[in-house]
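Engineer: One file is attached below, entry08.pdb, containing PDB, C-alpha atoms.
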```
MODEL        1
ATOM      1  CA  MET A   1      52.407   3.064  95.129
ATOM      2  CA  SER A   2      53.902   6.443  95.868
ATOM      3  CA  ASP A   3      56.533   4.669  97.976
ATOM      4  CA  GLN A   4      57.452   2.576  94.996
ATOM      5  CA  MET A   5      57.790   5.668  92.872
ATOM      6  CA  GLU A   6      60.174   7.167  95.380
ATOM      7  CA  THR A   7      62.606   4.334  94.732
ATOM      8  CA  ALA A   8      64.049   3.084  91.486
ATOM      9  CA  PRO A   9      62.108   0.214  89.940
ATOM     10  CA  GLU A  10      63.456  -3.287  90.372
ATOM     11  CA  THR A  11      64.889  -3.323  86.863
ATOM     12  CA  GLY A  12      65.899   0.330  87.042
ATOM     13  CA  PRO A  13      68.865   1.740  85.148
ATOM     14  CA  GLU A  14      70.941   1.696  88.332
ATOM     15  CA  PHE A  15      71.227  -2.084  88.280
ATOM     16  CA  ASP A  16      73.637  -3.660  85.817
ATOM     17  CA  PRO A  17      73.008  -7.440  85.699
ATOM     18  CA  THR A  18      76.203  -7.858  83.690
ATOM     19  CA  ALA A  19      78.409  -6.105  86.262
ATOM     20  CA  SER A  20      81.407  -8.307  87.026
ATOM     21  CA  SER A  21      85.026  -7.968  88.044
ATOM     22  CA  LEU A  22      85.686 -10.872  85.672
ATOM     23  CA  THR A  23      84.712  -8.968  82.532
ATOM     24  CA  GLY A  24      87.468  -9.161  79.950
ATOM     25  CA  GLU A  25      89.299 -11.874  81.859
ATOM     26  CA  VAL A  26      86.950 -14.716  80.951
ATOM     27  CA  ASP A  27      86.101 -16.527  77.725
ATOM     28  CA  PRO A  28      83.008 -14.718  76.324
ATOM     29  CA  ALA A  29      81.086 -18.017  76.056
ATOM     30  CA  VAL A  30      81.790 -18.795  79.714
ATOM     31  CA  MET A  31      80.803 -15.258  80.705
ATOM     32  CA  GLU A  32      77.557 -15.628  78.770
ATOM     33  CA  GLU A  33      76.771 -18.860  80.620
ATOM     34  CA  LEU A  34      77.610 -17.208  83.954
ATOM     35  CA  LEU A  35      75.390 -14.194  83.236
ATOM     36  CA  GLY A  36      72.552 -16.501  82.234
ATOM     37  CA  ILE A  37      72.634 -18.243  85.599
ATOM     38  CA  ARG A  38      73.025 -14.934  87.435
ATOM     39  CA  SER A  39      69.914 -13.630  85.735
ATOM     40  CA  SER A  40      67.976 -16.483  87.366
ATOM     41  CA  ILE A  41      69.612 -15.755  90.721
ATOM     42  CA  ASP A  42      68.512 -12.114  90.381
ATOM     43  CA  ASN A  43      64.936 -13.238  89.781
ATOM     44  CA  PHE A  44      65.046 -15.576  92.771
ATOM     45  CA  ASP A  45      66.375 -12.753  94.941
ATOM     46  CA  ALA A  46      63.613 -10.362  93.928
ATOM     47  CA  THR A  47      61.055 -13.066  94.708
ATOM     48  CA  LEU A  48      62.712 -13.765  98.064
ATOM     49  CA  VAL A  49      62.603 -10.091  99.046
ATOM     50  CA  TYR A  50      58.900  -9.707  98.239
ATOM     51  CA  LEU A  51      58.070 -13.030  99.880
ATOM     52  CA  LEU A  52      59.965 -12.148 103.051
ATOM     53  CA  ALA A  53      58.179  -8.798 103.130
ATOM     54  CA  GLU A  54      54.826 -10.610 103.067
ATOM     55  CA  ARG A  55      55.959 -13.068 105.744
ATOM     56  CA  PHE A  56      56.959 -10.187 107.996
ATOM     57  CA  LYS A  57      53.596  -8.525 107.400
ATOM     58  CA  ALA A  58      51.991 -11.694 108.753
ATOM     59  CA  THR A  59      54.282 -11.900 111.776
ATOM     60  CA  GLN A  60      53.594  -8.223 112.404
ATOM     61  CA  ARG A  61      49.898  -9.039 112.620
ATOM     62  CA  VAL A  62      50.732 -11.849 115.047
ATOM     63  CA  GLY A  63      52.793  -9.433 117.102
ATOM     64  CA  TYR A  64      49.986  -6.905 117.377
ATOM     65  CA  LEU A  65      47.481  -9.660 118.174
ATOM     66  CA  LYS A  66      49.693 -11.008 120.950
ATOM     67  CA  ALA A  67      50.370  -7.529 122.324
ATOM     68  CA  ARG A  68      46.677  -6.620 122.239
ATOM     69  CA  HIS A  69      45.679  -9.750 124.133
ATOM     70  CA  LYS A  70      48.801  -9.883 126.316
ATOM     71  CA  LEU A  71      49.813 -13.298 124.960
ATOM     72  CA  PRO A  72      53.341 -14.589 125.576
ATOM     73  CA  PRO A  73      55.674 -13.856 122.627
ATOM     74  CA  SER A  74      56.982 -17.417 122.616
ATOM     75  CA  ASP A  75      54.951 -20.500 121.654
ATOM     76  CA  PRO A  76      57.210 -23.568 122.060
ATOM     77  CA  GLY A  77      54.535 -25.980 120.830
ATOM     78  CA  ARG A  78      54.136 -24.038 117.594
ATOM     79  CA  GLU A  79      57.862 -23.604 117.065
ATOM     80  CA  ALA A  80      58.607 -27.298 117.523
ATOM     81  CA  GLU A  81      56.052 -28.121 114.828
ATOM     82  CA  GLN A  82      57.445 -25.473 112.504
ATOM     83  CA  ILE A  83      60.986 -26.791 112.775
ATOM     84  CA  GLN A  84      59.922 -30.400 112.252
ATOM     85  CA  ARG A  85      57.904 -29.400 109.182
ATOM     86  CA  LEU A  86      60.740 -27.248 107.820
ATOM     87  CA  HIS A  87      63.112 -30.226 107.965
ATOM     88  CA  ARG A  88      60.628 -32.300 106.007
ATOM     89  CA  LEU A  89      60.051 -29.556 103.438
ATOM     90  CA  ALA A  90      63.797 -29.097 103.041
ATOM     91  CA  ARG A  91      64.310 -32.787 102.351
ATOM     92  CA  GLU A  92      61.531 -32.696  99.763
ATOM     93  CA  ALA A  93      63.138 -29.672  98.110
ATOM     94  CA  HIS A  94      66.656 -31.167  98.301
ATOM     95  CA  LEU A  95      67.697 -28.284 100.513
ATOM     96  CA  ASP A  96      70.086 -28.996 103.382
ATOM     97  CA  PRO A  97      67.714 -29.410 106.380
ATOM     98  CA  VAL A  98      70.384 -28.039 108.688
ATOM     99  CA  PHE A  99      70.605 -24.900 106.579
ATOM    100  CA  ALA A 100      66.810 -24.649 106.473
ATOM    101  CA  GLU A 101      66.673 -24.657 110.257
ATOM    102  CA  LYS A 102      69.489 -22.101 110.452
ATOM    103  CA  PHE A 103      67.481 -19.999 108.013
ATOM    104  CA  LEU A 104      64.307 -20.186 110.117
ATOM    105  CA  ASN A 105      66.260 -19.288 113.234
ATOM    106  CA  PHE A 106      67.832 -16.356 111.390
ATOM    107  CA  ILE A 107      64.374 -15.008 110.619
ATOM    108  CA  ILE A 108      63.074 -15.775 114.112
ATOM    109  CA  ASP A 109      65.952 -13.848 115.676
ATOM    110  CA  GLU A 110      65.006 -10.835 113.568
ATOM    111  CA  VAL A 111      61.314 -10.949 114.378
ATOM    112  CA  ILE A 112      61.928 -11.497 118.084
ATOM    113  CA  ARG A 113      64.123  -8.404 118.072
ATOM    114  CA  HIS A 114      61.368  -6.404 116.416
ATOM    115  CA  HIS A 115      58.595  -7.990 118.418
ATOM    116  CA  GLN A 116      60.128  -6.571 121.565
ATOM    117  CA  ALA A 117      59.687  -3.142 119.980
ATOM    118  CA  ILE A 118      55.996  -3.881 119.351
ATOM    119  CA  SER A 119      55.388  -4.984 122.938
ATOM    120  CA  GLU A 120      57.164  -1.932 124.290
ATOM    121  CA  SER A 121      55.371   0.513 122.010
ATOM    122  CA  HIS A 122      52.079  -1.197 122.887
ATOM    123  CA  ALA A 123      52.860  -1.023 126.604
ATOM    124  CA  ASN A 124      53.613   2.664 126.158
ATOM    125  CA  GLY A 125      50.347   3.141 124.295
ATOM    126  CA  GLU A 126      52.261   4.184 121.195
ATOM    127  CA  VAL A 127      51.268   3.318 117.658
ATOM    128  CA  ALA A 128      54.088   1.333 116.035
ATOM    129  CA  ALA A 129      55.591   3.003 113.004
ATOM    130  CA  PRO A 130      54.244   1.485 109.762
ATOM    131  CA  ALA A 131      57.795   1.685 108.440
ATOM    132  CA  ALA A 132      58.730  -1.095 110.845
ATOM    133  CA  ALA A 133      57.149  -3.502 108.417
ATOM    134  CA  HIS A 134      58.428  -6.702 109.964
ATOM    135  CA  GLN A 135      57.949  -6.213 113.637
ATOM    136  CA  SER A 136      56.804  -9.174 115.729
ATOM    137  CA  ARG A 137      57.556 -12.773 116.293
ATOM    138  CA  GLN A 138      57.583 -15.430 113.569
ATOM    139  CA  SER A 139      55.006 -17.744 115.018
TER     140      SER A 139
ATOM    141  CA  MET B 140      60.247 -38.089  93.018
ATOM    142  CA  SER B 141      61.379 -41.139  94.922
ATOM    143  CA  ASP B 142      63.204 -38.820  97.297
ATOM    144  CA  GLN B 143      59.975 -36.983  97.920
ATOM    145  CA  MET B 144      58.219 -40.256  98.645
ATOM    146  CA  GLU B 145      60.829 -41.123 101.228
ATOM    147  CA  THR B 146      59.768 -38.093 103.235
ATOM    148  CA  ALA B 147      56.349 -37.125 104.509
ATOM    149  CA  PRO B 148      54.461 -34.783 102.180
ATOM    150  CA  GLU B 149      54.439 -31.102 103.055
ATOM    151  CA  THR B 150      50.947 -31.305 104.467
ATOM    152  CA  GLY B 151      51.543 -34.747 105.947
ATOM    153  CA  PRO B 152      49.801 -35.967 109.089
ATOM    154  CA  GLU B 153      52.927 -35.289 111.107
ATOM    155  CA  PHE B 154      52.428 -31.529 110.902
ATOM    156  CA  ASP B 155      49.766 -30.004 113.096
ATOM    157  CA  PRO B 156      49.169 -26.393 111.985
ATOM    158  CA  THR B 157      47.114 -25.829 115.120
ATOM    159  CA  ALA B 158      49.845 -26.926 117.525
ATOM    160  CA  SER B 159      50.282 -24.284 120.209
ATOM    161  CA  SER B 160      51.289 -24.025 123.824
ATOM    162  CA  LEU B 161      48.571 -21.380 124.122
ATOM    163  CA  THR B 162      45.700 -23.781 123.415
ATOM    164  CA  GLY B 163      43.093 -23.556 126.143
ATOM    165  CA  GLU B 164      44.633 -20.419 127.602
ATOM    166  CA  VAL B 165      43.376 -18.047 124.935
ATOM    167  CA  ASP B 166      39.952 -16.802 123.888
ATOM    168  CA  PRO B 167      38.824 -19.147 121.057
ATOM    169  CA  ALA B 168      38.149 -16.191 118.735
ATOM    170  CA  VAL B 169      41.672 -14.868 119.300
ATOM    171  CA  MET B 170      43.110 -18.348 118.756
ATOM    172  CA  GLU B 171      41.170 -18.639 115.512
ATOM    173  CA  GLU B 172      42.596 -15.325 114.295
ATOM    174  CA  LEU B 173      46.103 -16.415 115.308
ATOM    175  CA  LEU B 174      45.800 -19.752 113.501
ATOM    176  CA  GLY B 175      44.547 -17.997 110.390
ATOM    177  CA  ILE B 176      47.653 -15.817 110.221
ATOM    178  CA  ARG B 177      49.901 -18.792 111.026
ATOM    179  CA  SER B 178      48.400 -20.691 108.124
ATOM    180  CA  SER B 179      49.677 -17.932 105.824
ATOM    181  CA  ILE B 180      53.083 -18.007 107.504
ATOM    182  CA  ASP B 181      53.233 -21.764 106.897
ATOM    183  CA  ASN B 182      52.526 -21.199 103.199
ATOM    184  CA  PHE B 183      55.184 -18.500 102.979
ATOM    185  CA  ASP B 184      57.696 -20.826 104.667
ATOM    186  CA  ALA B 185      57.024 -23.668 102.238
ATOM    187  CA  THR B 186      57.476 -21.240  99.345
ATOM    188  CA  LEU B 187      60.687 -19.894 100.873
ATOM    189  CA  VAL B 188      62.143 -23.392 101.233
ATOM    190  CA  TYR B 189      61.432 -24.353  97.620
ATOM    191  CA  LEU B 190      62.623 -20.986  96.347
ATOM    192  CA  LEU B 191      65.880 -21.196  98.317
ATOM    193  CA  ALA B 192      66.401 -24.716  96.978
ATOM    194  CA  GLU B 193      66.141 -23.364  93.418
ATOM    195  CA  ARG B 194      68.469 -20.469  94.210
ATOM    196  CA  PHE B 195      71.059 -22.878  95.566
ATOM    197  CA  LYS B 196      70.722 -25.019  92.452
ATOM    198  CA  ALA B 197      71.661 -21.948  90.456
ATOM    199  CA  THR B 198      74.612 -21.056  92.671
ATOM    200  CA  GLN B 199      75.718 -24.674  92.458
ATOM    201  CA  ARG B 200      75.847 -24.325  88.674
ATOM    202  CA  VAL B 201      77.876 -21.132  89.131
ATOM    203  CA  GLY B 202      80.218 -22.983  91.460
ATOM    204  CA  TYR B 203      80.841 -25.792  88.990
ATOM    205  CA  LEU B 204      81.287 -23.302  86.154
ATOM    206  CA  LYS B 205      83.850 -21.342  88.143
ATOM    207  CA  ALA B 206      85.655 -24.475  89.270
ATOM    208  CA  ARG B 207      85.734 -25.871  85.727
ATOM    209  CA  HIS B 208      87.213 -22.672  84.311
ATOM    210  CA  LYS B 209      89.326 -21.876  87.365
ATOM    211  CA  LEU B 210      87.538 -18.554  87.946
ATOM    212  CA  PRO B 211      87.950 -16.737  91.277
ATOM    213  CA  PRO B 212      85.115 -17.527  93.717
ATOM    214  CA  SER B 213      84.616 -13.867  94.533
ATOM    215  CA  ASP B 214      83.282 -11.224  92.132
ATOM    216  CA  PRO B 215      83.268  -7.876  93.959
ATOM    217  CA  GLY B 216      81.795  -6.002  91.008
ATOM    218  CA  ARG B 217      78.831  -8.374  90.882
ATOM    219  CA  GLU B 218      78.318  -8.388  94.634
ATOM    220  CA  ALA B 219      78.294  -4.591  94.892
ATOM    221  CA  GLU B 220      75.539  -4.471  92.266
ATOM    222  CA  GLN B 221      73.557  -7.203  94.005
ATOM    223  CA  ILE B 222      73.621  -5.419  97.355
ATOM    224  CA  GLN B 223      72.637  -2.073  95.837
ATOM    225  CA  ARG B 224      69.744  -3.726  93.981
ATOM    226  CA  LEU B 225      68.658  -5.630  97.085
ATOM    227  CA  HIS B 226      68.396  -2.387  99.048
ATOM    228  CA  ARG B 227      66.209  -0.931  96.312
ATOM    229  CA  LEU B 228      64.016  -4.036  96.141
ATOM    230  CA  ALA B 229      63.655  -4.035  99.929
ATOM    231  CA  ARG B 230      62.485  -0.420  99.939
ATOM    232  CA  GLU B 231      59.943  -1.223  97.227
ATOM    233  CA  ALA B 232      58.682  -4.212  99.243
ATOM    234  CA  HIS B 233      58.653  -2.221 102.512
ATOM    235  CA  LEU B 234      61.205  -4.646 103.925
ATOM    236  CA  ASP B 235      63.949  -3.261 106.177
ATOM    237  CA  PRO B 236      66.888  -2.787 103.737
ATOM    238  CA  VAL B 237      69.338  -3.497 106.554
ATOM    239  CA  PHE B 238      67.635  -6.828 107.183
ATOM    240  CA  ALA B 239      67.606  -7.575 103.455
ATOM    241  CA  GLU B 240      71.368  -7.089 103.284
ATOM    242  CA  LYS B 241      71.858  -9.212 106.410
ATOM    243  CA  PHE B 242      69.737 -11.857 104.704
ATOM    244  CA  LEU B 243      71.822 -11.817 101.517
ATOM    245  CA  ASN B 244      75.023 -12.035 103.547
ATOM    246  CA  PHE B 245      73.572 -14.954 105.498
ATOM    247  CA  ILE B 246      73.009 -16.836 102.252
ATOM    248  CA  ILE B 247      76.380 -15.789 100.839
ATOM    249  CA  ASP B 248      78.157 -17.118 103.936
ATOM    250  CA  GLU B 249      76.456 -20.458 103.405
ATOM    251  CA  VAL B 250      77.277 -20.733  99.719
ATOM    252  CA  ILE B 251      80.867 -19.628 100.243
ATOM    253  CA  ARG B 252      81.238 -22.392 102.813
ATOM    254  CA  HIS B 253      79.887 -24.925 100.350
ATOM    255  CA  HIS B 254      81.694 -23.460  97.377
ATOM    256  CA  GLN B 255      84.979 -24.267  99.058
ATOM    257  CA  ALA B 256      83.839 -27.897  99.058
ATOM    258  CA  ILE B 257      83.153 -27.730  95.321
ATOM    259  CA  SER B 258      86.556 -26.259  94.552
ATOM    260  CA  GLU B 259      88.278 -28.861  96.696
ATOM    261  CA  SER B 260      86.316 -31.779  95.269
ATOM    262  CA  HIS B 261      87.016 -30.428  91.769
ATOM    263  CA  ALA B 262      90.713 -30.050  92.527
ATOM    264  CA  ASN B 263      90.733 -33.640  93.770
ATOM    265  CA  GLY B 264      88.952 -34.779  90.636
ATOM    266  CA  GLU B 265      85.993 -35.890  92.705
ATOM    267  CA  VAL B 266      82.356 -35.635  91.676
ATOM    268  CA  ALA B 267      80.475 -33.512  94.204
ATOM    269  CA  ALA B 268      77.664 -35.345  95.970
ATOM    270  CA  PRO B 269      74.267 -34.429  94.458
ATOM    271  CA  ALA B 270      72.968 -34.303  98.009
ATOM    272  CA  ALA B 271      75.001 -31.160  98.535
ATOM    273  CA  ALA B 272      72.330 -29.299  96.638
ATOM    274  CA  HIS B 273      73.436 -25.806  97.484
ATOM    275  CA  GLN B 274      77.161 -25.884  97.007
ATOM    276  CA  SER B 275      78.864 -22.873  95.455
ATOM    277  CA  ARG B 276      78.912 -19.153  95.734
ATOM    278  CA  GLN B 277      75.877 -16.906  95.431
ATOM    279  CA  SER B 278      77.044 -14.775  92.571
TER     280      SER B 278
ENDMDL
END
```
The structure in this file should be written as structure tokens.
Structural biologist:
Amino acid sequence: MSDQMETAPETGPEFDPTASSLTGEVDPAVMEELLGIRSSIDNFDATLVYLLAERFKATQRVGYLKARHKLPPSDPGREAEQIQRLHRLAREAHLDPVFAEKFLNFIIDEVIRHHQAISESHANGEVAAPAAAHQSRQS
Amino acid sequence: MSDQMETAPETGPEFDPTASSLTGEVDPAVMEELLGIRSSIDNFDATLVYLLAERFKATQRVGYLKARHKLPPSDPGREAEQIQRLHRLAREAHLDPVFAEKFLNFIIDEVIRHHQAISESHANGEVAAPAAAHQSRQS
């Protein structure tokens, strides 16, 4: 909680949801419609950030588990299932399956990068910094 | 709905949440702990897919609005605010702010790519394919 207090709240005064380089150059009715949609996009983005943070907490636990038990970072059988499922979910959600896979790979690349840090810090007997909140692999 | 019926349901028989190349090579108790965490990751991924699909629906509406009123695709004032807010949200969520910005840029790259298609199809008087469910810019 104290960490949250150290930073401005999500809807803090620093953020202006109406900020736009188009202000004054666009029909007010059009601008109002644009800002209405952007307000939804802002809500989706806040949800995405908190959801990703939780996902990385889970992959961090996987990373520590694998490091503790000296398990290989990669699990091809798991990853193949994840990708197949993601394609199906994307089709159900009317999201481009190709983009969905690119998205998963984007996240995997990040967690692999951080998982290497976990393995190394574990090998060195170090305690990983809590700040590194999304260390470890995705699977 | 019919589209959803054409594809296997999210928890369809095709997906095996226990699939792993580690099966049989790991202490059963460790495997059980791993599968428990993976089950949460699978839920987060399903949520991410549906959430991204909604976000892209919103950016698609922005794309059509901008194309209809011949507004510039880019809005630097908006984007600066979004990035600043995203950094703040990431700190609150204990998510690496650098990753959060990389994530936003990853999505922006995708929507820019698709927004160009919207502008072109609009310029050609075409109706964009509904299948292209995440056309348009992010802002």
Engineer: Care to translate the PyMOL selection byres ((chain B) within 7 of (chain A)) into actual residues of this file, as a PyMOL selection string?
Structural biologist: chain B and resi 142-143+146-147+149+154-155+158-161+173+176-177+180+183+185+188-190+192+194+197+201+214-217+220+224+227-229+231-234+272-273+278
Engineer: Just need chain B moved onto chain A: least-squares over all Cα atoms matched in order, then output as a compact mmCIF listing (two decimals) with C-alpha atoms, keeping the file's coordinate frame.
Structural biologist:
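What landed in result17.txt:
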```
# COMPACT_ATOMS: atom_id res chain seq x y z
CA MET B 140 52.54 3.03 95.31
CA SER B 141 54.02 6.42 96.02
CA ASP B 142 56.66 4.69 98.12
CA GLN B 143 57.55 2.55 95.15
CA MET B 144 57.85 5.63 92.98
CA GLU B 145 60.28 7.16 95.43
CA THR B 146 62.67 4.31 94.76
CA ALA B 147 64.09 3.08 91.48
CA PRO B 148 62.11 0.23 89.93
CA GLU B 149 63.46 -3.28 90.38
CA THR B 150 64.86 -3.35 86.88
CA GLY B 151 65.87 0.30 87.02
CA PRO B 152 68.85 1.69 85.11
CA GLU B 153 70.91 1.69 88.28
CA PHE B 154 71.20 -2.09 88.27
CA ASP B 155 73.60 -3.65 85.81
CA PRO B 156 72.97 -7.42 85.70
CA THR B 157 76.17 -7.83 83.71
CA ALA B 158 78.39 -6.09 86.26
CA SER B 159 81.39 -8.28 87.01
CA SER B 160 85.00 -7.93 88.02
CA LEU B 161 85.67 -10.84 85.66
CA THR B 162 84.68 -8.95 82.51
CA GLY B 163 87.44 -9.15 79.93
CA GLU B 164 89.28 -11.84 81.85
CA VAL B 165 86.96 -14.68 80.94
CA ASP B 166 86.11 -16.49 77.71
CA PRO B 167 83.01 -14.70 76.31
CA ALA B 168 81.10 -18.00 76.05
CA VAL B 169 81.80 -18.77 79.71
CA MET B 170 80.79 -15.23 80.68
CA GLU B 171 77.56 -15.62 78.75
CA GLU B 172 76.77 -18.85 80.60
CA LEU B 173 77.60 -17.19 83.93
CA LEU B 174 75.38 -14.19 83.21
CA GLY B 175 72.53 -16.48 82.22
CA ILE B 176 72.62 -18.25 85.58
CA ARG B 177 73.01 -14.93 87.42
CA SER B 178 69.90 -13.63 85.71
CA SER B 179 67.97 -16.48 87.35
CA ILE B 180 69.59 -15.74 90.71
CA ASP B 181 68.50 -12.11 90.37
CA ASN B 182 64.91 -13.24 89.77
CA PHE B 183 65.02 -15.58 92.76
CA ASP B 184 66.37 -12.75 94.94
CA ALA B 185 63.60 -10.36 93.92
CA THR B 186 61.04 -13.06 94.71
CA LEU B 187 62.70 -13.77 98.05
CA VAL B 188 62.59 -10.10 99.04
CA TYR B 189 58.89 -9.72 98.24
CA LEU B 190 58.05 -13.04 99.87
CA LEU B 191 59.95 -12.15 103.05
CA ALA B 192 58.16 -8.80 103.12
CA GLU B 193 54.81 -10.63 103.07
CA ARG B 194 55.95 -13.07 105.75
CA PHE B 195 56.95 -10.19 107.99
CA LYS B 196 53.59 -8.53 107.40
CA ALA B 197 52.00 -11.69 108.75
CA THR B 198 54.29 -11.89 111.77
CA GLN B 199 53.60 -8.22 112.40
CA ARG B 200 49.89 -9.04 112.60
CA VAL B 201 50.74 -11.86 115.03
CA GLY B 202 52.79 -9.43 117.09
CA TYR B 203 49.96 -6.91 117.36
CA LEU B 204 47.47 -9.67 118.15
CA LYS B 205 49.68 -11.01 120.93
CA ALA B 206 50.37 -7.54 122.30
CA ARG B 207 46.67 -6.63 122.23
CA HIS B 208 45.67 -9.76 124.12
CA LYS B 209 48.79 -9.87 126.30
CA LEU B 210 49.81 -13.29 124.95
CA PRO B 211 53.35 -14.59 125.57
CA PRO B 212 55.69 -13.86 122.64
CA SER B 213 56.98 -17.42 122.61
CA ASP B 214 54.96 -20.50 121.65
CA PRO B 215 57.21 -23.56 122.06
CA GLY B 216 54.54 -25.97 120.86
CA ARG B 217 54.14 -24.04 117.62
CA GLU B 218 57.86 -23.61 117.08
CA ALA B 219 58.61 -27.31 117.54
CA GLU B 220 56.05 -28.13 114.85
CA GLN B 221 57.43 -25.47 112.52
CA ILE B 222 60.99 -26.78 112.78
CA GLN B 223 59.93 -30.39 112.26
CA ARG B 224 57.90 -29.39 109.19
CA LEU B 225 60.74 -27.25 107.84
CA HIS B 226 63.11 -30.22 107.98
CA ARG B 227 60.61 -32.29 106.03
CA LEU B 228 60.05 -29.54 103.45
CA ALA B 229 63.81 -29.10 103.06
CA ARG B 230 64.31 -32.80 102.37
CA GLU B 231 61.54 -32.70 99.77
CA ALA B 232 63.16 -29.66 98.11
CA HIS B 233 66.66 -31.19 98.32
CA LEU B 234 67.72 -28.29 100.52
CA ASP B 235 70.11 -29.00 103.41
CA PRO B 236 67.72 -29.40 106.40
CA VAL B 237 70.40 -28.02 108.71
CA PHE B 238 70.60 -24.88 106.59
CA ALA B 239 66.81 -24.64 106.49
CA GLU B 240 66.67 -24.65 110.29
CA LYS B 241 69.49 -22.09 110.47
CA PHE B 242 67.47 -19.99 108.04
CA LEU B 243 64.29 -20.18 110.14
CA ASN B 244 66.25 -19.28 113.27
CA PHE B 245 67.81 -16.35 111.43
CA ILE B 246 64.36 -15.00 110.66
CA ILE B 247 63.06 -15.77 114.14
CA ASP B 248 65.94 -13.83 115.71
CA GLU B 249 64.99 -10.84 113.59
CA VAL B 250 61.30 -10.94 114.40
CA ILE B 251 61.93 -11.49 118.10
CA ARG B 252 64.11 -8.39 118.09
CA HIS B 253 61.35 -6.40 116.44
CA HIS B 254 58.58 -8.00 118.44
CA GLN B 255 60.11 -6.56 121.58
CA ALA B 256 59.64 -3.14 119.98
CA ILE B 257 55.97 -3.88 119.35
CA SER B 258 55.36 -4.98 122.92
CA GLU B 259 57.13 -1.92 124.28
CA SER B 260 55.36 0.51 121.96
CA HIS B 261 52.06 -1.19 122.86
CA ALA B 262 52.82 -0.98 126.57
CA ASN B 263 53.59 2.71 126.11
CA GLY B 264 50.35 3.19 124.22
CA GLU B 265 52.28 4.17 121.13
CA VAL B 266 51.33 3.31 117.56
CA ALA B 267 54.13 1.31 115.95
CA ALA B 268 55.66 2.98 112.92
CA PRO B 269 54.32 1.44 109.68
CA ALA B 270 57.86 1.61 108.38
CA ALA B 271 58.78 -1.14 110.80
CA ALA B 272 57.17 -3.57 108.41
CA HIS B 273 58.45 -6.75 109.95
CA GLN B 274 57.93 -6.25 113.64
CA SER B 275 56.77 -9.19 115.73
CA ARG B 276 57.54 -12.80 116.26
CA GLN B 277 57.56 -15.45 113.54
CA SER B 278 54.99 -17.76 115.00
```
Engineer: Taking every listed atom of range 74-81 of chain A and adding 5 Å to each side, what centre and edge lengths in Å (one decimal) does the axis-aligned box have, as lines of an AutoDock Vina configuration file?
Structural biologist:
```
center_x = 56.4
center_y = -22.8
center_z = 118.7
size_x = 14.5
size_y = 20.7
size_z = 17.8
```
Engineer: Quick one: distance from CA of Ser119 in chain A to CA of Gly163 in chain B in Å, one decimal?
Structural biologist: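 A separation of 22.5 Å between them.
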Engineer: Could you tell me how far CA of Gly264 in chain B sits from CA of Val250 in chain B, in Å to one decimal place?
Structural biologist: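 These atoms are spaced 20.4 Å apart.
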